[in-house]
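Notes for the one structure printed next.
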Amino acid sequence: MWVDLRPLLKGTDLSLNIALHRNDLLVRCQTPDDELVYVMGQVKNPGPYPLTANMSFLEALARAGGPNDSAQQGKIVLARPSKHSEQIVDLESDIQKSGTNYQLEPGDIVYVPKSGLAKLGYVMQQINPITSMVLFGAALM
């Protein structure tokens with residue numbers, strides 16, 4: 001039996017909530033009109049994620065594994081290309097303290113930038129081989 005579950009997930013047709021039996025096999029076919037949100041930047045698993053009914057900013061971030069150690073959690077960008085808008089979200093003050101959460105729409109992008117400290121660490125890694133060569137070269141002379 002083929003069933004389009006979008007009306008069920010949107011809550012418009014609860015008759016599609018069919019009881020499953022042992023050994024039933026479910027196959028989800030991806031279609032070009034699947035609605036996606038994108039979680040990018042300094043998260044553990046960046047990429048596109050299917051938009052579920054009432055998906056929130058925090059849910060999308062959690063599906064991507066959350067911010068990694070290099071993330072700047074105070075300046076996460078929530079971009080909404082469909083409305084040409086962009087909002088900066090501070091994970092701690094906006095979400096955790098005030099309890100504010102944002103409902104996502106198809107095509108939304110959550111971008112977690114790299115922290116200043118992580119950027120400094122990257123620069124130091126790049127400089128370190130150069131300074132090592134300079135110091136080693138000076139020691140040989």
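The way I read the labels, and the way they are meant: chains A, B, ... in the order of the structure tokens, residue 1 as the first residue of every chain, and ligand 1 as the first ligand shown, with later ones counted on from there.
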
Would you list the contacts of stretch 59-69 of chain A as a CSV table (one decimal) with N, CA, C and O atoms, in the first residue's frame, taking every protein, DNA or RNA residue within 6 Å and counting only C-alpha atoms, but skipping same-chain residues closer than 3 positions in sequence?
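Contents of around.csv, freshly written:
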chain,number,residue,atom,x,y,z
A,42,GLN,N,29.6,25.2,12.4
A,42,GLN,CA,30.2,24.5,13.5
A,42,GLN,C,29.3,23.6,14.3
A,42,GLN,O,29.1,23.9,15.5
A,43,VAL,N,28.7,22.6,13.6
A,43,VAL,CA,27.9,21.6,14.3
A,43,VAL,C,28.5,20.2,14.0
A,43,VAL,O,29.3,20.1,13.0
A,44,LYS,N,28.1,19.2,14.7
A,44,LYS,CA,28.8,17.9,14.6
A,44,LYS,C,28.4,17.3,13.2
A,44,LYS,O,29.2,16.6,12.7
A,45,ASN,N,27.2,17.4,12.7
A,45,ASN,CA,26.7,16.8,11.5
A,45,ASN,C,26.0,17.8,10.6
A,45,ASN,O,24.8,17.8,10.5
A,46,PRO,N,26.7,18.7,10.0
A,46,PRO,CA,26.0,19.7,9.1
A,46,PRO,C,25.4,19.1,7.9
A,46,PRO,O,25.8,18.0,7.4
A,56,SER,N,11.4,23.1,15.4
A,56,SER,CA,11.9,24.3,16.0
A,56,SER,C,13.4,24.5,15.7
A,56,SER,O,14.1,23.5,15.3

Residues within 12 Å of A:His84, only C-alpha atoms, excluding chain neighbours under 6 positions, as a PDB file with all heavy atoms, in the first residue's frame:
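Saved to selection28.pdb:
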ATOM      1  N   LEU A  78      19.996  32.599  11.949  1.00  0.00           N
ATOM      2  CA  LEU A  78      18.804  31.944  11.415  1.00  0.00           C
ATOM      3  C   LEU A  78      18.402  32.739  10.188  1.00  0.00           C
ATOM      4  O   LEU A  78      17.899  33.853  10.294  1.00  0.00           O
ATOM      5  CB  LEU A  78      17.674  31.915  12.442  1.00  0.00           C
ATOM      6  CG  LEU A  78      16.311  31.405  11.949  1.00  0.00           C
ATOM      7  CD1 LEU A  78      16.425  30.017  11.353  1.00  0.00           C
ATOM      8  CD2 LEU A  78      15.300  31.425  13.069  1.00  0.00           C
ATOM      9  N   GLY A 107      13.280  25.635   3.760  1.00  0.00           N
ATOM     10  CA  GLY A 107      14.398  26.394   3.204  1.00  0.00           C
ATOM     11  C   GLY A 107      15.177  27.208   4.217  1.00  0.00           C
ATOM     12  O   GLY A 107      16.181  27.832   3.863  1.00  0.00           O
ATOM     13  N   ASP A 108      14.762  27.231   5.485  1.00  0.00           N
ATOM     14  CA  ASP A 108      15.500  27.991   6.504  1.00  0.00           C
ATOM     15  C   ASP A 108      16.910  27.438   6.654  1.00  0.00           C
ATOM     16  O   ASP A 108      17.149  26.243   6.457  1.00  0.00           O
ATOM     17  CB  ASP A 108      14.791  27.931   7.856  1.00  0.00           C
ATOM     18  CG  ASP A 108      13.622  28.905   7.950  1.00  0.00           C
ATOM     19  OD1 ASP A 108      13.377  29.652   6.980  1.00  0.00           O
ATOM     20  OD2 ASP A 108      12.959  28.919   9.009  1.00  0.00           O
ATOM     21  N   ILE A 109      17.820  28.320   7.025  1.00  0.00           N
ATOM     22  CA  ILE A 109      19.217  27.944   7.232  1.00  0.00           C
ATOM     23  C   ILE A 109      19.636  28.350   8.637  1.00  0.00           C
ATOM     24  O   ILE A 109      19.465  29.508   9.029  1.00  0.00           O
ATOM     25  CB  ILE A 109      20.134  28.639   6.207  1.00  0.00           C
ATOM     26  CG1 ILE A 109      19.715  28.275   4.788  1.00  0.00           C
ATOM     27  CG2 ILE A 109      21.599  28.293   6.468  1.00  0.00           C
ATOM     28  CD1 ILE A 109      20.344  29.143   3.715  1.00  0.00           C
TER      29      ILE A 109
END

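Distance-wise, atom CA of A:Gln87 and atom CA of A:Leu58 end up 14.6 Å apart.
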
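You can rank A:Lys10, A:Asn23, A:Val110, A:Asn17 by their closest distance to A:Glu86 using only C-alpha atoms, and at the top of that list sits A:Val110.
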
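With atom CA of A:Ala71 on one side and atom CA of A:Val112 on the other, the separation reads 6.3 Å.
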
Helix (DSSP H, G or I) per DSSP on the backbone: members of stretch 36-102 of chain A, as a ChimeraX atom specification | /A:57-63,81-83,91-97

For stretch 12-16 of chain A, work out the shell of residues within 12 Å, counting only C-alpha atoms and skipping chain neighbours fewer than 5 positions away, then give it as a list in words.
-> Met1, Trp2, Val3, Asp4, Leu5, Arg6, Pro7 and Ala53 of chain A

From A:Ser93, A:Thr52, A:Leu25, A:Tyr111, residue lying nearest A:Arg80 [only C-alpha atoms] = A:Tyr111
